[in-house]
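Undergrad: Here's a structure for you.
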Amino acid sequence: MPATPSSFPTVLSRRCVLLGGAGLVISGCSLFGEQPRNQSTPDVATPDPLLVVSAAARADAAAATQLAATSPPQVAVLQSIAAERTAHAQALDAEITRAAGTSSPSSTPAPAVPAPVVAPTPAPTAASLRAGLQEHQRAATQLAYTVAPYRAGLLGSIAAACATQLAVLP
Amino acid sequence: MTLTADEQRGLADAVRAEHAAVYAYGLVDAYASPQRQTAVTEAAAVHRQRRDATMSLLRANGVQPPAAEAGYVIPVPVTDPATAAALAAEVESETAVAWRAVLERSTPQPPGATAGLRSTSVDALTDCALRCASWRAALGQRPSTTAFPGQP
């Protein structure tokens with residue numbers, strides 16, 4: 001296949017994801033399994049891998065919103081990024097909920113979305129938002145390779161959207 | 001790469017979309033403003049390459065890929081740089097849809113694999129999304145980005 005302008009390095013997602021410029025760390029990251037959730041096997045309460053992706057989207061949305069308050073010339077772009085990343089989180093949460101609802105009756109309930117442990121951090125900058133979006137594009141792309149087909153489509157769109165947001169970031 | 005029947009169908013649809021894109025970029029090329037010429041030439045080449053590679057992949061799986069149509073219905077007549085850019089944005093949006101659809105019909109890659117149908121499709125979807133946003137920006141559309149490129 002021909003190379004495209006958007007080739008991604010083959011970085012595997014880290015188990016504990018440092019999210020964007022806000023420096024959020026998912027609590028209980030030792031619970032996160034390496035394998036994507038397989039609904040045909042007995043559920044051993046492996047957290048849905050989309051949980052991390054959703055939290056990453058909300059972190060970017062929060063960072064973009066915060067930045068918008070301090071960067072009047074870039075308000076429109078930052079607000080559109082915040083709105084899109086929020087839409088990403090909502091779509092991911094809907095899919096997480098749907099998947100949890102179709103798991104076998106003998107399974108344990110899906111874990112609640114872990115509340116991020118917010119460590120004191122410096123205010124987000126355009127550079128930190130950029131770094132966050134780059135990492136999250138990479139992570140969504142990698143995850144798209146191995147998940148169920150519908151999820152691959154959703155993650156592909158999200159990764160592509162992050163790429164376009166990076167292109168309009170000042 | 002051995003394709004499932006569903007993957008073959010998805011890729012055939014992608015070939016159709018890429019045929020239409022190559023055709024459309026011929027019109028875009030004729031009317032685009034001079035400062036967009038490089039972008040048009042590059043985009044046309046990328047779509048052509050992607051189309052050819054996908055047709056080769058189908059043939060390697062014993063599938064006759066769809067041929068280009070003699071002509072295509074263009075949504076809005078192209079008469080100047082603005083309508084040329086609008087057509088280009090539409091073309092990128094349509095090909096993004098086709099490549100997301102391939103993703104939704106594709107089997108997963110083995111963990112750790114860096115090449116395969118999923119990789120190719122995410123790359124294509126991302127490339128189309130970037131070009132679409134670029135054309136929308138050229139048209140002055142704000143925001144130029146959308147939340148879910150490739151979602152029909």
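Residues in the structure tokens are named by chain (A, B, ... in the order shown) and by number from 1 within that chain; ligands are numbered from 1 in the order shown.
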Which chain B residues are at most 9 Å from chain A (counting only C-alpha atoms), as a PyMOL selection string?
TA: chain B and resi 46+49-50+53-54+96+99-114+116-131+133-134+142-151
Undergrad: Using DSSP on the backbone coordinates, identify all residues within range 4-115 of chain B classified as alpha helix (DSSP H); present the result as a ChimeraX atom specification.
TA: /B:5-31,37-60,81-103
Undergrad: Quick one: of A:Asp60, A:Ser71, A:Leu92, A:Thr65, who's nearest to Gln137 in chain A, counting only C-alpha atoms?
TA: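 The answer is A:Asp60, which sits nearest to Gln137 in chain A.
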Undergrad: What does the structure give for the distance between CA of Ala68 in chain B and CA of Ala24 in chain B, in Å to one decimal?
TA: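 Atom-to-atom, CA of Ala68 in chain B to CA of Ala24 in chain B, that is 11.9 Å.
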Undergrad: Which residue out of B:Gly10, B:Pro75, B:Pro66, B:Pro81 has the minimum interatomic distance to Val40 in chain B when only C-alpha atoms are used?
TA: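 Nearest candidate to Val40 in chain B out of B:Gly10, B:Pro75, B:Pro66, B:Pro81: B:Pro81.
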Undergrad: Of the candidates A:Ala94, A:Gln74, A:Thr102, A:Leu50, which shows the shortest atom-to-atom distance to His136 in chain A, using only C-alpha atoms?
TA: A:Leu50
